Each structure stands twice: as structure tokens, then as C-alpha cells.
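File shown: final.pdb (PDB, C-alpha atoms and all ligand atoms).
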ATOM      1  CA  MET Z   6      23.183 -19.817   8.757
ATOM      2  CA  SER Z   7      20.917 -18.453  11.498
ATOM      3  CA  MET Z   8      18.385 -15.715  10.805
ATOM      4  CA  ARG Z   9      20.604 -13.228  12.658
ATOM      5  CA  GLU Z  10      23.600 -14.196  10.488
ATOM      6  CA  VAL Z  11      21.556 -13.743   7.307
ATOM      7  CA  GLN Z  12      20.412 -10.331   8.544
ATOM      8  CA  ASP Z  13      24.009  -9.322   9.392
ATOM      9  CA  GLU Z  14      25.167 -10.377   5.927
ATOM     10  CA  ILE Z  15      22.369  -8.299   4.329
ATOM     11  CA  LEU Z  16      23.340  -5.277   6.440
ATOM     12  CA  ARG Z  17      27.017  -5.702   5.472
ATOM     13  CA  LEU Z  18      26.294  -6.109   1.748
ATOM     14  CA  LYS Z  19      23.798  -3.251   1.483
ATOM     15  CA  LYS Z  20      26.410  -0.935   3.005
ATOM     16  CA  GLU Z  21      29.215  -2.244   0.800
ATOM     17  CA  LYS Z  22      27.081  -1.980  -2.369
ATOM     18  CA  ASP Z  23      25.383   1.286  -1.374
ATOM     19  CA  ILE Z  24      21.831  -0.086  -1.556
ATOM     20  CA  CYS Z  25      18.837   1.434   0.219
ATOM     21  CA  ILE Z  26      16.319  -1.195   1.356
ATOM     22  CA  LEU Z  27      12.670  -0.145   1.553
ATOM     23  CA  ALA Z  28      10.151  -2.477   3.188
ATOM     24  CA  HIS Z  29       6.416  -1.989   2.917
ATOM     25  CA  SER Z  30       4.776  -2.425   6.299
ATOM     26  CA  TYR Z  31       3.100  -5.647   5.111
ATOM     27  CA  GLN Z  32       6.540  -7.298   4.923
ATOM     28  CA  ALA Z  33       7.624  -9.861   7.503
ATOM     29  CA  HIS Z  34       9.232  -8.586  10.689
ATOM     30  CA  GLU Z  35      12.682 -10.029   9.886
ATOM     31  CA  ILE Z  36      12.716  -8.003   6.633
ATOM     32  CA  VAL Z  37      11.542  -4.822   8.347
ATOM     33  CA  GLU Z  38      14.506  -5.252  10.724
ATOM     34  CA  VAL Z  39      17.068  -4.968   7.900
ATOM     35  CA  ALA Z  40      15.299  -2.163   6.024
ATOM     36  CA  ASP Z  41      16.496   1.450   5.960
ATOM     37  CA  PHE Z  42      12.859   2.561   5.944
ATOM     38  CA  THR Z  43       9.475   0.954   6.500
ATOM     39  CA  GLY Z  44       6.153   2.556   5.700
ATOM     40  CA  ASP Z  45       3.219   2.748   3.331
ATOM     41  CA  SER Z  46       3.679   2.602  -0.420
ATOM     42  CA  TYR Z  47       3.447   6.326  -1.045
ATOM     43  CA  ALA Z  48       5.655   7.433   1.858
ATOM     44  CA  LEU Z  49       8.335   4.987   0.711
ATOM     45  CA  SER Z  50       8.294   6.208  -2.899
ATOM     46  CA  LYS Z  51       8.572   9.833  -1.815
ATOM     47  CA  LEU Z  52      11.384   8.931   0.553
ATOM     48  CA  ALA Z  53      13.266   6.934  -2.085
ATOM     49  CA  ALA Z  54      13.708  10.101  -4.140
ATOM     50  CA  THR Z  55      15.576  11.745  -1.268
ATOM     51  CA  VAL Z  56      18.057   8.994  -0.319
ATOM     52  CA  PRO Z  57      21.705   9.273  -1.439
ATOM     53  CA  GLN Z  58      21.960   5.647  -2.618
ATOM     54  CA  LYS Z  59      21.712   5.073  -6.380
ATOM     55  CA  THR Z  60      20.159   1.632  -5.937
ATOM     56  CA  VAL Z  61      16.873   1.032  -4.142
ATOM     57  CA  LEU Z  62      15.580  -2.423  -3.250
ATOM     58  CA  MET Z  63      11.788  -2.338  -2.864
ATOM     59  CA  CYS Z  64      10.485  -5.177  -0.704
ATOM     60  CA  GLY Z  65       6.825  -5.081  -1.609
ATOM     61  CA  VAL Z  66       4.768  -5.577  -4.764
ATOM     62  CA  ARG Z  67       5.250  -4.448  -8.348
ATOM     63  CA  PHE Z  68       3.134  -1.277  -8.397
ATOM     64  CA  MET Z  69       5.135  -0.006  -5.405
ATOM     65  CA  ALA Z  70       8.455  -0.564  -7.191
ATOM     66  CA  GLU Z  71       7.004   1.154 -10.285
ATOM     67  CA  THR Z  72       5.988   4.156  -8.203
ATOM     68  CA  VAL Z  73       9.503   4.348  -6.747
ATOM     69  CA  LYS Z  74      10.953   4.224 -10.281
ATOM     70  CA  MET Z  75       8.586   6.943 -11.526
ATOM     71  CA  LEU Z  76       9.579   9.275  -8.704
ATOM     72  CA  SER Z  77      13.298   8.374  -8.996
ATOM     73  CA  PRO Z  78      13.861   7.632 -12.694
ATOM     74  CA  ASP Z  79      17.647   7.956 -12.384
ATOM     75  CA  LYS Z  80      17.914   5.304  -9.686
ATOM     76  CA  LYS Z  81      18.232   1.574 -10.215
ATOM     77  CA  VAL Z  82      15.062   0.142  -8.644
ATOM     78  CA  ILE Z  83      14.881  -3.558  -7.817
ATOM     79  CA  LEU Z  84      11.662  -5.405  -6.949
ATOM     80  CA  SER Z  85      12.516  -8.014  -4.308
ATOM     81  CA  CYS Z  86      10.408 -10.800  -5.828
ATOM     82  CA  PRO Z  87       9.483 -10.694  -9.535
ATOM     83  CA  GLN Z  88       6.275 -12.689  -8.899
ATOM     84  CA  ALA Z  89       4.991 -10.228  -6.304
ATOM     85  CA  GLY Z  90       2.128  -8.380  -7.947
ATOM     86  CA  CYS Z  91      -0.940  -6.855  -6.334
ATOM     87  CA  PRO Z  92      -4.007  -8.737  -7.617
ATOM     88  CA  MET Z  93      -6.097  -5.565  -7.310
ATOM     89  CA  ALA Z  94      -3.604  -3.585  -9.424
ATOM     90  CA  GLU Z  95      -3.987  -6.184 -12.148
ATOM     91  CA  GLN Z  96      -7.806  -6.331 -12.151
ATOM     92  CA  MET Z  97      -8.215  -3.482 -14.644
ATOM     93  CA  ASP Z  98      -6.121  -2.626 -17.659
ATOM     94  CA  LYS Z  99      -5.703   0.398 -19.876
ATOM     95  CA  GLU Z 100      -7.944  -1.031 -22.611
ATOM     96  CA  LEU Z 101     -10.841  -1.601 -20.188
ATOM     97  CA  ILE Z 102     -10.755   1.990 -18.961
ATOM     98  CA  GLU Z 103     -10.343   3.402 -22.464
ATOM     99  CA  GLY Z 104     -13.330   1.277 -23.511
ATOM    100  CA  ILE Z 105     -15.677   2.542 -20.787
ATOM    101  CA  LYS Z 106     -14.595   6.198 -20.924
ATOM    102  CA  PRO Z 107     -17.284   7.142 -23.488
ATOM    103  CA  GLN Z 108     -19.930   6.096 -20.901
ATOM    104  CA  PHE Z 109     -18.308   8.476 -18.404
ATOM    105  CA  GLU Z 110     -17.810  11.545 -20.548
ATOM    106  CA  GLY Z 111     -16.895  14.570 -18.443
ATOM    107  CA  TYR Z 112     -15.859  12.414 -15.454
ATOM    108  CA  THR Z 113     -12.480  12.733 -13.732
ATOM    109  CA  VAL Z 114     -10.885   9.285 -13.520
ATOM    110  CA  VAL Z 115      -9.361   8.810 -10.067
ATOM    111  CA  ALA Z 116      -6.988   5.854  -9.738
ATOM    112  CA  TYR Z 117      -5.932   4.277  -6.483
ATOM    113  CA  ILE Z 118      -2.133   4.059  -6.420
ATOM    114  CA  ASN Z 119      -2.584   0.245  -6.436
ATOM    115  CA  THR Z 120      -2.724   0.258 -10.252
ATOM    116  CA  THR Z 121      -0.175  -0.523 -12.963
ATOM    117  CA  ALA Z 122       1.897   2.260 -14.536
ATOM    118  CA  GLU Z 123       0.176   1.441 -17.862
ATOM    119  CA  LEU Z 124      -3.267   2.033 -16.370
ATOM    120  CA  LYS Z 125      -2.159   5.297 -14.777
ATOM    121  CA  THR Z 126      -1.440   6.664 -18.272
ATOM    122  CA  VAL Z 127      -5.210   6.870 -18.983
ATOM    123  CA  CYS Z 128      -6.269   8.242 -15.587
ATOM    124  CA  ASP Z 129      -6.383  11.840 -14.329
ATOM    125  CA  VAL Z 130      -5.161  11.670 -10.756
ATOM    126  CA  CYS Z 131      -3.878   9.107  -8.250
ATOM    127  CA  VAL Z 132      -4.836   8.737  -4.605
ATOM    128  CA  THR Z 133      -3.603   6.632  -1.717
ATOM    129  CA  SER Z 134      -5.830   5.318   1.030
ATOM    130  CA  SER Z 135      -4.588   8.129   3.287
ATOM    131  CA  SER Z 136      -5.152  10.923   0.749
ATOM    132  CA  ALA Z 137      -8.233   9.746  -1.196
ATOM    133  CA  VAL Z 138     -10.832  11.784   0.708
ATOM    134  CA  LYS Z 139      -8.761  14.966   0.660
ATOM    135  CA  ILE Z 140      -7.949  14.704  -3.045
ATOM    136  CA  VAL Z 141     -11.446  13.813  -4.252
ATOM    137  CA  ARG Z 142     -12.795  16.737  -2.201
ATOM    138  CA  ALA Z 143     -10.212  19.077  -3.755
ATOM    139  CA  LEU Z 144     -11.085  18.172  -7.353
ATOM    140  CA  GLU Z 145     -13.071  20.806  -9.239
ATOM    141  CA  ASN Z 146     -15.143  18.233 -11.065
ATOM    142  CA  ASN Z 147     -18.151  16.825  -9.198
ATOM    143  CA  ASN Z 148     -18.339  13.744 -11.420
ATOM    144  CA  ILE Z 149     -15.782  11.131 -10.450
ATOM    145  CA  LEU Z 150     -15.051   7.631 -11.720
ATOM    146  CA  PHE Z 151     -13.106   5.904  -8.936
ATOM    147  CA  ILE Z 152     -11.052   2.802  -9.829
ATOM    148  CA  PRO Z 153     -10.286  -0.016  -9.091
ATOM    149  CA  ASP Z 154     -11.360  -0.414  -5.432
ATOM    150  CA  CYS Z 155     -15.109  -0.007  -4.989
ATOM    151  CA  ASN Z 156     -14.794  -0.397  -1.195
ATOM    152  CA  LEU Z 157     -12.310   2.443  -0.865
ATOM    153  CA  GLY Z 158     -14.508   4.308  -3.373
ATOM    154  CA  ALA Z 159     -17.607   3.740  -1.204
ATOM    155  CA  TYR Z 160     -15.707   4.993   1.836
ATOM    156  CA  VAL Z 161     -14.675   8.149  -0.049
ATOM    157  CA  ALA Z 162     -18.243   8.664  -1.339
ATOM    158  CA  LYS Z 163     -19.532   8.546   2.247
ATOM    159  CA  GLN Z 164     -17.051  11.224   3.344
ATOM    160  CA  VAL Z 165     -17.626  13.404   0.262
ATOM    161  CA  PRO Z 166     -21.411  13.174  -0.274
ATOM    162  CA  GLU Z 167     -21.492  16.337  -2.381
ATOM    163  CA  LYS Z 168     -19.807  14.533  -5.302
ATOM    164  CA  ASN Z 169     -21.244  12.059  -7.775
ATOM    165  CA  ILE Z 170     -18.833   9.123  -7.413
ATOM    166  CA  ARG Z 171     -19.192   6.054  -9.613
ATOM    167  CA  PHE Z 172     -17.255   2.793  -9.304
ATOM    168  CA  LEU Z 173     -16.403  -0.369 -11.170
ATOM    169  CA  GLN Z 174     -16.327  -3.738  -9.370
ATOM    170  CA  GLY Z 175     -12.769  -4.129  -8.141
ATOM    171  CA  GLY Z 176     -10.977  -4.434  -4.834
ATOM    172  CA  CYS Z 177      -8.459  -6.188  -2.647
ATOM    173  CA  PRO Z 178      -9.245  -9.898  -2.328
ATOM    174  CA  ILE Z 179      -7.654 -10.023   1.129
ATOM    175  CA  HIS Z 180      -9.384  -7.063   2.753
ATOM    176  CA  ALA Z 181     -12.704  -7.612   0.968
ATOM    177  CA  SER Z 182     -12.828 -11.260   2.046
ATOM    178  CA  VAL Z 183     -13.597 -10.387   5.681
ATOM    179  CA  THR Z 184     -17.317 -10.587   6.398
ATOM    180  CA  LYS Z 185     -19.393  -8.524   8.801
ATOM    181  CA  ALA Z 186     -19.932 -11.706  10.854
ATOM    182  CA  GLN Z 187     -16.157 -12.221  11.198
ATOM    183  CA  ALA Z 188     -15.658  -8.623  12.339
ATOM    184  CA  GLU Z 189     -18.513  -8.991  14.833
ATOM    185  CA  LYS Z 190     -16.980 -12.221  16.122
ATOM    186  CA  ALA Z 191     -13.613 -10.506  16.655
ATOM    187  CA  LYS Z 192     -15.372  -7.707  18.564
ATOM    188  CA  ALA Z 193     -17.262 -10.222  20.716
ATOM    189  CA  LEU Z 194     -14.003 -12.053  21.508
ATOM    190  CA  HIS Z 195     -12.277  -8.809  22.507
ATOM    191  CA  PRO Z 196     -15.021  -6.545  23.882
ATOM    192  CA  ASP Z 197     -12.551  -3.984  25.281
ATOM    193  CA  ALA Z 198     -10.600  -3.601  22.052
ATOM    194  CA  GLU Z 199     -11.014  -0.816  19.514
ATOM    195  CA  LEU Z 200     -11.526  -1.974  15.923
ATOM    196  CA  LEU Z 201      -9.189  -0.289  13.389
ATOM    197  CA  VAL Z 202     -10.020  -1.030   9.780
ATOM    198  CA  HIS Z 203      -8.516  -0.324   6.348
ATOM    199  CA  PRO Z 204     -10.973   1.255   3.872
ATOM    200  CA  GLU Z 205     -10.320  -1.626   1.431
ATOM    201  CA  CYS Z 206     -12.645  -3.667   3.693
ATOM    202  CA  ILE Z 207     -16.317  -3.920   2.745
ATOM    203  CA  PRO Z 208     -18.541  -1.038   3.956
ATOM    204  CA  ALA Z 209     -20.408  -3.318   6.424
ATOM    205  CA  VAL Z 210     -17.083  -4.047   8.168
ATOM    206  CA  ALA Z 211     -15.885  -0.430   8.031
ATOM    207  CA  ALA Z 212     -19.198   0.611   9.617
ATOM    208  CA  LEU Z 213     -18.319  -1.409  12.749
ATOM    209  CA  ALA Z 214     -14.924   0.258  13.152
ATOM    210  CA  ASP Z 215     -13.815   2.817  15.724
ATOM    211  CA  TYR Z 216     -11.278   4.088  13.200
ATOM    212  CA  VAL Z 217     -10.977   3.682   9.415
ATOM    213  CA  GLY Z 218      -7.644   4.561   7.809
ATOM    214  CA  SER Z 219      -4.594   3.598   5.799
ATOM    215  CA  THR Z 220      -1.877   1.233   7.029
ATOM    216  CA  SER Z 221       0.148   4.124   8.436
ATOM    217  CA  GLY Z 222      -3.027   5.757   9.797
ATOM    218  CA  ILE Z 223      -3.895   2.570  11.697
ATOM    219  CA  MET Z 224      -0.358   2.304  13.111
ATOM    220  CA  GLU Z 225      -0.299   5.930  14.206
ATOM    221  CA  TYR Z 226      -3.750   5.671  15.784
ATOM    222  CA  ALA Z 227      -2.821   2.557  17.775
ATOM    223  CA  LYS Z 228       0.498   3.994  18.965
ATOM    224  CA  GLN Z 229      -1.001   7.285  20.120
ATOM    225  CA  SER Z 230      -4.238   5.970  21.586
ATOM    226  CA  SER Z 231      -4.607   5.626  25.331
ATOM    227  CA  GLY Z 232      -6.526   2.387  24.618
ATOM    228  CA  ARG Z 233      -4.825  -0.899  25.552
ATOM    229  CA  GLU Z 234      -6.346  -3.386  23.077
ATOM    230  CA  PHE Z 235      -6.902  -3.192  19.333
ATOM    231  CA  ILE Z 236      -8.367  -5.422  16.662
ATOM    232  CA  ILE Z 237      -6.406  -4.772  13.484
ATOM    233  CA  GLY Z 238      -8.470  -4.878  10.294
ATOM    234  CA  THR Z 239      -5.735  -4.997   7.702
ATOM    235  CA  GLU Z 240      -2.934  -7.368   6.645
ATOM    236  CA  ASN Z 241      -1.884  -9.360   9.696
ATOM    237  CA  SER Z 242       1.724  -8.153   9.708
ATOM    238  CA  ILE Z 243       0.507  -4.760  10.970
ATOM    239  CA  ALA Z 244      -0.766  -6.409  14.172
ATOM    240  CA  GLU Z 245       2.593  -8.165  14.504
ATOM    241  CA  HIS Z 246       4.715  -5.013  13.958
ATOM    242  CA  LEU Z 247       2.536  -3.077  16.408
ATOM    243  CA  GLN Z 248       2.957  -5.804  19.020
ATOM    244  CA  TYR Z 249       6.760  -5.450  18.747
ATOM    245  CA  GLU Z 250       6.573  -1.658  18.912
ATOM    246  CA  CYS Z 251       4.037  -1.425  21.740
ATOM    247  CA  PRO Z 252       4.644  -4.426  24.035
ATOM    248  CA  ASP Z 253       2.333  -2.974  26.714
ATOM    249  CA  LYS Z 254      -0.682  -3.021  24.392
ATOM    250  CA  LYS Z 255      -2.488  -5.977  22.838
ATOM    251  CA  PHE Z 256      -3.152  -6.407  19.124
ATOM    252  CA  TYR Z 257      -5.453  -9.006  17.586
ATOM    253  CA  PRO Z 258      -5.908  -9.671  13.863
ATOM    254  CA  MET Z 259      -9.530  -9.079  12.773
ATOM    255  CA  ALA Z 260      -9.330 -12.346  10.809
ATOM    256  CA  LYS Z 261      -6.491 -14.859  10.674
ATOM    257  CA  GLY Z 262      -6.813 -15.095   6.887
ATOM    258  CA  MET Z 263      -5.797 -11.488   6.233
ATOM    259  CA  ILE Z 264      -2.461 -12.459   4.741
ATOM    260  CA  CYS Z 265      -1.342 -11.026   1.418
ATOM    261  CA  GLU Z 266       0.521 -13.870  -0.269
ATOM    262  CA  ASN Z 267       2.124 -11.484  -2.724
ATOM    263  CA  MET Z 268       3.517  -9.328   0.039
ATOM    264  CA  LYS Z 269       4.706 -12.442   1.834
ATOM    265  CA  SER Z 270       6.341 -13.932  -1.260
ATOM    266  CA  THR Z 271       9.535 -12.018  -0.432
ATOM    267  CA  THR Z 272      11.625 -13.958   2.088
ATOM    268  CA  LEU Z 273      14.691 -12.880   4.028
ATOM    269  CA  MET Z 274      16.719 -15.199   1.760
ATOM    270  CA  ASP Z 275      15.325 -13.303  -1.270
ATOM    271  CA  VAL Z 276      16.551 -10.065   0.262
ATOM    272  CA  LEU Z 277      19.996 -11.627   0.714
ATOM    273  CA  GLY Z 278      19.913 -12.788  -2.925
ATOM    274  CA  CYS Z 279      18.928  -9.278  -4.058
ATOM    275  CA  VAL Z 280      21.743  -7.507  -2.233
ATOM    276  CA  LYS Z 281      24.151 -10.108  -3.659
ATOM    277  CA  GLY Z 282      22.792  -9.236  -7.121
ATOM    278  CA  GLU Z 283      21.582 -12.800  -7.691
ATOM    279  CA  CYS Z 284      17.816 -12.289  -7.734
ATOM    280  CA  GLY Z 285      15.092  -9.662  -7.808
ATOM    281  CA  GLU Z 286      14.045  -7.774 -10.931
ATOM    282  CA  GLU Z 287      15.189  -4.384 -12.067
ATOM    283  CA  ILE Z 288      12.198  -2.203 -12.964
ATOM    284  CA  VAL Z 289      12.664  -0.988 -16.513
ATOM    285  CA  MET Z 290      10.233   1.606 -17.852
ATOM    286  CA  SER Z 291      10.542   3.742 -20.978
ATOM    287  CA  ASP Z 292      10.851   7.511 -20.497
ATOM    288  CA  GLU Z 293       7.565   7.845 -22.353
ATOM    289  CA  LEU Z 294       5.739   5.513 -19.929
ATOM    290  CA  ILE Z 295       7.278   7.269 -16.915
ATOM    291  CA  GLN Z 296       6.257  10.707 -18.185
ATOM    292  CA  SER Z 297       2.759   9.625 -19.088
ATOM    293  CA  ALA Z 298       2.041   7.628 -15.904
ATOM    294  CA  ARG Z 299       3.631  10.246 -13.642
ATOM    295  CA  ARG Z 300       1.072  12.898 -14.560
ATOM    296  CA  CYS Z 301      -1.400  11.226 -12.205
ATOM    297  CA  ILE Z 302       1.119  11.081  -9.385
ATOM    298  CA  ASP Z 303       2.241  14.688  -9.896
ATOM    299  CA  LYS Z 304      -1.406  15.769  -9.795
ATOM    300  CA  MET Z 305      -1.836  13.894  -6.513
ATOM    301  CA  ILE Z 306       1.218  15.643  -5.035
ATOM    302  CA  GLU Z 307      -0.070  19.021  -6.316
ATOM    303  CA  LEU Z 308      -3.398  18.443  -4.547
ATOM    304  CA  GLY Z 309      -1.632  17.641  -1.319
ATOM    305  CA  GLY Z 310      -1.579  13.869  -1.402
TER     306      GLY Z 310
HETATM  307  P1  LIG Z 401      -0.647   1.508   1.544
HETATM  308  O1  LIG Z 401      -0.872   2.382   0.344
HETATM  309  O2  LIG Z 401      -1.282   2.028   2.790
HETATM  310  O3  LIG Z 401       0.789   1.205   1.680
HETATM  311  O4  LIG Z 401      -1.388   0.131   1.307
HETATM  312  C1  LIG Z 401      -1.115  -0.582   0.198
HETATM  313  C2  LIG Z 401      -1.931  -1.769   0.152
HETATM  314  O5  LIG Z 401      -1.659  -2.630  -0.615
HETATM  315  C3  LIG Z 401      -3.100  -1.883   1.031
HETATM  316  O6  LIG Z 401      -3.637  -3.131   0.931
HETATM  317 FE1  LIG Z 402      -2.830  -5.684  -3.141
HETATM  318 FE2  LIG Z 402      -4.529  -6.326  -1.212
HETATM  319 FE3  LIG Z 402      -2.057  -7.280  -1.164
HETATM  320 FE4  LIG Z 402      -2.531  -4.689  -0.688
HETATM  321  S1  LIG Z 402      -3.171  -6.439   0.563
HETATM  322  S2  LIG Z 402      -0.919  -5.544  -1.993
HETATM  323  S3  LIG Z 402      -4.231  -4.316  -2.099
HETATM  324  S4  LIG Z 402      -3.634  -7.721  -2.703
END
Using the file provided, produce a representation of the structure as C-alpha cells.
Amino acid sequence: MSMREVQDEILRLKKEKDICILAHSYQAHEIVEVADFTGDSYALSKLAATVPQKTVLMCGVRFMAETVKMLSPDKKVILSCPQAGCPMAEQMDKELIEGIKPQFEGYTVVAYINTTAELKTVCDVCVTSSSAVKIVRALENNNILFIPDCNLGAYVAKQVPEKNIRFLQGGCPIHASVTKAQAEKAKALHPDAELLVHPECIPAVAALADYVGSTSGIMEYAKQSSGREFIIGTENSIAEHLQYECPDKKFYPMAKGMICENMKSTTLMDVLGCVKGECGEEIVMSDELIQSARRCIDKMIELGG
């Protein structure tokens, strides 16, 4: 079977079985092509709640499928690849945060959406990379414990200097692996290009950037900019998708190693298997867990996230 035939079969089956396919923008291009919607994790979860289909296939990682389930508890939510977790989301667990809370009495615990549903049950509010600054600024409390990404936390602290923001050592192994020297090398190789960086990168890399923002922020910036060349400081698929969408511009990955293996563990054949009902994992969460973990997400929505 050719790739086109596999894609056609997926399109036929998803229609026949009334399945909505969501693809995070870190997914491979051939998966994005068969998806109903592509976007960042939060936009996709909000969108999932509005689609008519009763079954949603989330091509991404586990915390994203959990977020979809929490916002659409009556839908059947399938994670495309059961092994696809986000290493950052698994760095901290509920027990760790419960254990350190006495040292942070009176602090509001702000959790990046890249956390497990279990962990969200002991946090106060969620943020995404696009809403973190706005939400932290809107909180009444000046004392904030920001978990798990200390790089995103440092970025927020820089934008909201009036708050006392504390962190724990956590972060994305892919974004945080890029050194200042690598970013400088990319800039030297492409002196006319603007550098667009995700705030999960280390502060020394973010400091070199012309723009710092979420995956969708970076895509929007590049599409609307009158610039012609861009170095993309996030997972390499974003540079690839942008190159397809804007053939007249040039996109270079900041570092060739910015590949999230978990995101890439879903293949087009997996998607075919999922729509056939032969693979993937249905996300099952108790009502109690959904209610308890959702508080954080509802608070984020209330504060305009
Ligand atoms: P978004 O929330 O922008 O989709 O990003 C998720 C992620 O995993 C970033 O590394
Ligand atoms: Fe998690 Fe990093 Fe992969 Fe995003 S890129 S899913 S934060 S490991």
C-alpha cells in the first residue's frame, strides 16, 4: 500500500466510523494531512468538546488525550500510541507535590498543562505556554510555585517581575537540551533569519530570540511576518509544517536533535490501526479524577487561558 492509499483508507474509515482525528502540531506531516484539526494541545482539547463525533482520536501524547477526555467526558477518547507519554509530564507526581507543599504554605501552585491528570488534582490552576504569563499575572496571590518546567517558569518570572515565583527542577528534555552555543551557531549560519523560540528552551537560548512563544504562537508569527527566513526553536516538525504552508519562506531547525520521540512514536500505520479499532488506547478516567483534575483547567479557562 502506498502512503496515499493508507491516507485514503484512514479518511474513508474515519468517516464511516464517525471519528474525529486530532493531530498535535508536533505530529508528522502525513498524519497532519489526515487530521480533522491540527493545533496546540489546549486548542485541540477545547475544539474536541465542540465536534459532533462521539469518538476522538488524539494523535499526540498522553496528557493531551487526558485533557481532551476531561473537557469531553462523554466522548470516547483514544490515544494513538499507548507508549506516547511526555517525559516532562511524568517528572513530578502527586506525592512529590503534596510532600513539598508545607514548605510553600500560602503559595498558589501553577501547573503547566504538560502534567498528569493525577498531579493536576493537587494543583490550583493550569497554564499553557501561550497563556502562562497572562494567567500568572491575573492571579491574586503574589506567591507562586510553578511546576514542572523551570524554563517556562523563568520566562514567566521575567515577564511578571512583581510576583515571587519559585520553581522545582523540571523541564522538557528536548527543548532544554539546546545550548546557547548551538543557538548562536544556527544564527551565524543564517544571519538573515529571525530566531523563534519556545519558552521551554533554557533562558540563555530564549534571550537570543527575536520572538518567544508557544507552538501556535511561533507558527502565527512566522506566517504573518514580512521576514523571509526563520530559525525554528521548537520540535522540528514545526519547521517542516511551516515550510509546506509557506513555500516562499525558508525555515531552519535551531538544532537537528529537537525531535520528540514520544510525539513521533505515532506512525501513519498506527492511525490506520486506530480507525480500524485494532490499536490505540481508550482513555479511562473515573468521574472523581475528572472532577478533581478539571478544577485546574476550569480555573485556567475562567482566567482567560
Ligand atoms: P503546546 O501546549 O504548545 O501544544 O506544546 C506542548 C508541548 O509539548 C511543547 O513541547
Ligand atoms: Fe513533552 Fe517536550 Fe515532547 Fe513536548 S516536546 S511532548 S514537552 S517531551
Pairwise distance for CA of Glu167 (chain Z) and atom O3 of ligand LIG 401 (chain Z), rounded to one decimal in Å: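 For CA of Glu167 (chain Z) relative to atom O3 of ligand LIG 401 (chain Z), the distance reads 27.2 Å.
Once the PyMOL selection byres (((chain Z and resi 277-282) around 8) and not hetatm) is applied to the depicted file, the selected set reads Val11, Gln12, Glu14, Ile15, Leu18, Lys19, Lys22, Ile24, Leu62, Ile83, Ser85, Leu273, Met274, Asp275, Val276, Glu283, Cys284 and Gly285 of chain Z.
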Export C-alpha atoms of the chosen residues as a PDB file, in the coordinates of the input?
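again-v4.pdb, freshly written:
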ATOM      1  CA  VAL Z  11      21.556 -13.743   7.307  1.00  0.00           C
ATOM      2  CA  GLN Z  12      20.412 -10.331   8.544  1.00  0.00           C
ATOM      3  CA  GLU Z  14      25.167 -10.377   5.927  1.00  0.00           C
ATOM      4  CA  ILE Z  15      22.369  -8.299   4.329  1.00  0.00           C
ATOM      5  CA  LEU Z  18      26.294  -6.109   1.748  1.00  0.00           C
ATOM      6  CA  LYS Z  19      23.798  -3.251   1.483  1.00  0.00           C
ATOM      7  CA  LYS Z  22      27.081  -1.980  -2.369  1.00  0.00           C
ATOM      8  CA  ILE Z  24      21.831  -0.086  -1.556  1.00  0.00           C
ATOM      9  CA  LEU Z  62      15.580  -2.423  -3.250  1.00  0.00           C
ATOM     10  CA  ILE Z  83      14.881  -3.558  -7.817  1.00  0.00           C
ATOM     11  CA  SER Z  85      12.516  -8.014  -4.308  1.00  0.00           C
ATOM     12  CA  LEU Z 273      14.691 -12.880   4.028  1.00  0.00           C
ATOM     13  CA  MET Z 274      16.719 -15.199   1.760  1.00  0.00           C
ATOM     14  CA  ASP Z 275      15.325 -13.303  -1.270  1.00  0.00           C
ATOM     15  CA  VAL Z 276      16.551 -10.065   0.262  1.00  0.00           C
ATOM     16  CA  GLU Z 283      21.582 -12.800  -7.691  1.00  0.00           C
ATOM     17  CA  CYS Z 284      17.816 -12.289  -7.734  1.00  0.00           C
ATOM     18  CA  GLY Z 285      15.092  -9.662  -7.808  1.00  0.00           C
TER      19      GLY Z 285
END
Kindly compile the residues surrounding ligand LIG 402 (chain Z) within 9 Å, counting all atoms listed in the file, and format them as a list in words.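 Every residue with an atom at most 9 Å from ligand LIG 402 (chain Z) is listed here: Tyr31, Gly65, Val66, Arg67, Phe68, Met69, Ala89, Gly90, Cys91, Pro92, Met93, Ala94, Asn119, Asp154, Gly176, Cys177, Pro178, Ile179, His180, Ala181, Glu205, Thr239, Glu240, Met263, Ile264, Cys265, Glu266, Asn267 and Met268 of chain Z.
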Check which residues fall inside 7 Å of ligand LIG 401 (chain Z) when counting all atoms listed in the file, and print them as a ChimeraX atom specification. /Z:29,44-47,119,133-135,177,205,219-221
On this structure, which residues satisfy the PyMOL selection byres (((chain Z and resi 192) around 12) and not hetatm), written as an NGL selection string? :Z and (185-191 or 193-201 or 210 or 213-215 or 234-238 or 257-260)
Any chance you could export the current selection's C-alpha atoms as a CSV table (one decimal), in the coordinates of the input?
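The new file out.csv reads:
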chain,number,residue,atom,x,y,z
Z,185,LYS,CA,-19.4,-8.5,8.8
Z,186,ALA,CA,-19.9,-11.7,10.9
Z,187,GLN,CA,-16.2,-12.2,11.2
Z,188,ALA,CA,-15.7,-8.6,12.3
Z,189,GLU,CA,-18.5,-9.0,14.8
Z,190,LYS,CA,-17.0,-12.2,16.1
Z,191,ALA,CA,-13.6,-10.5,16.7
Z,193,ALA,CA,-17.3,-10.2,20.7
Z,194,LEU,CA,-14.0,-12.1,21.5
Z,195,HIS,CA,-12.3,-8.8,22.5
Z,196,PRO,CA,-15.0,-6.5,23.9
Z,197,ASP,CA,-12.6,-4.0,25.3
Z,198,ALA,CA,-10.6,-3.6,22.1
Z,199,GLU,CA,-11.0,-0.8,19.5
Z,200,LEU,CA,-11.5,-2.0,15.9
Z,201,LEU,CA,-9.2,-0.3,13.4
Z,210,VAL,CA,-17.1,-4.0,8.2
Z,213,LEU,CA,-18.3,-1.4,12.7
Z,214,ALA,CA,-14.9,0.3,13.2
Z,215,ASP,CA,-13.8,2.8,15.7
Z,234,GLU,CA,-6.3,-3.4,23.1
Z,235,PHE,CA,-6.9,-3.2,19.3
Z,236,ILE,CA,-8.4,-5.4,16.7
Z,237,ILE,CA,-6.4,-4.8,13.5
Z,238,GLY,CA,-8.5,-4.9,10.3
Z,257,TYR,CA,-5.5,-9.0,17.6
Z,258,PRO,CA,-5.9,-9.7,13.9
Z,259,MET,CA,-9.5,-9.1,12.8
Z,260,ALA,CA,-9.3,-12.3,10.8
Any chance you could resolve the PyMOL selection byres (((chain Z and resi 34) around 8) and not hetatm) against this file and give the residues as a VMD selection string? chain Z and resid 32 to 33 35 to 38 242 245 to 246
Interface rows for region 154-267 of chain Z against region 98-108 of chain Z: nearest pair, Å to one decimal, 12 Å, all atoms listed in the file, as JSON lines:
{"residue": "Z:Arg171", "atom": "CA", "partner": "Z:Gln108", "partner_atom": "CA", "distance": 11.3}
{"residue": "Z:Phe172", "atom": "CA", "partner": "Z:Ile105", "partner_atom": "CA", "distance": 11.6}
{"residue": "Z:Leu173", "atom": "CA", "partner": "Z:Ile102", "partner_atom": "CA", "distance": 9.9}
{"residue": "Z:Gly175", "atom": "CA", "partner": "Z:Asp98", "partner_atom": "CA", "distance": 11.7}
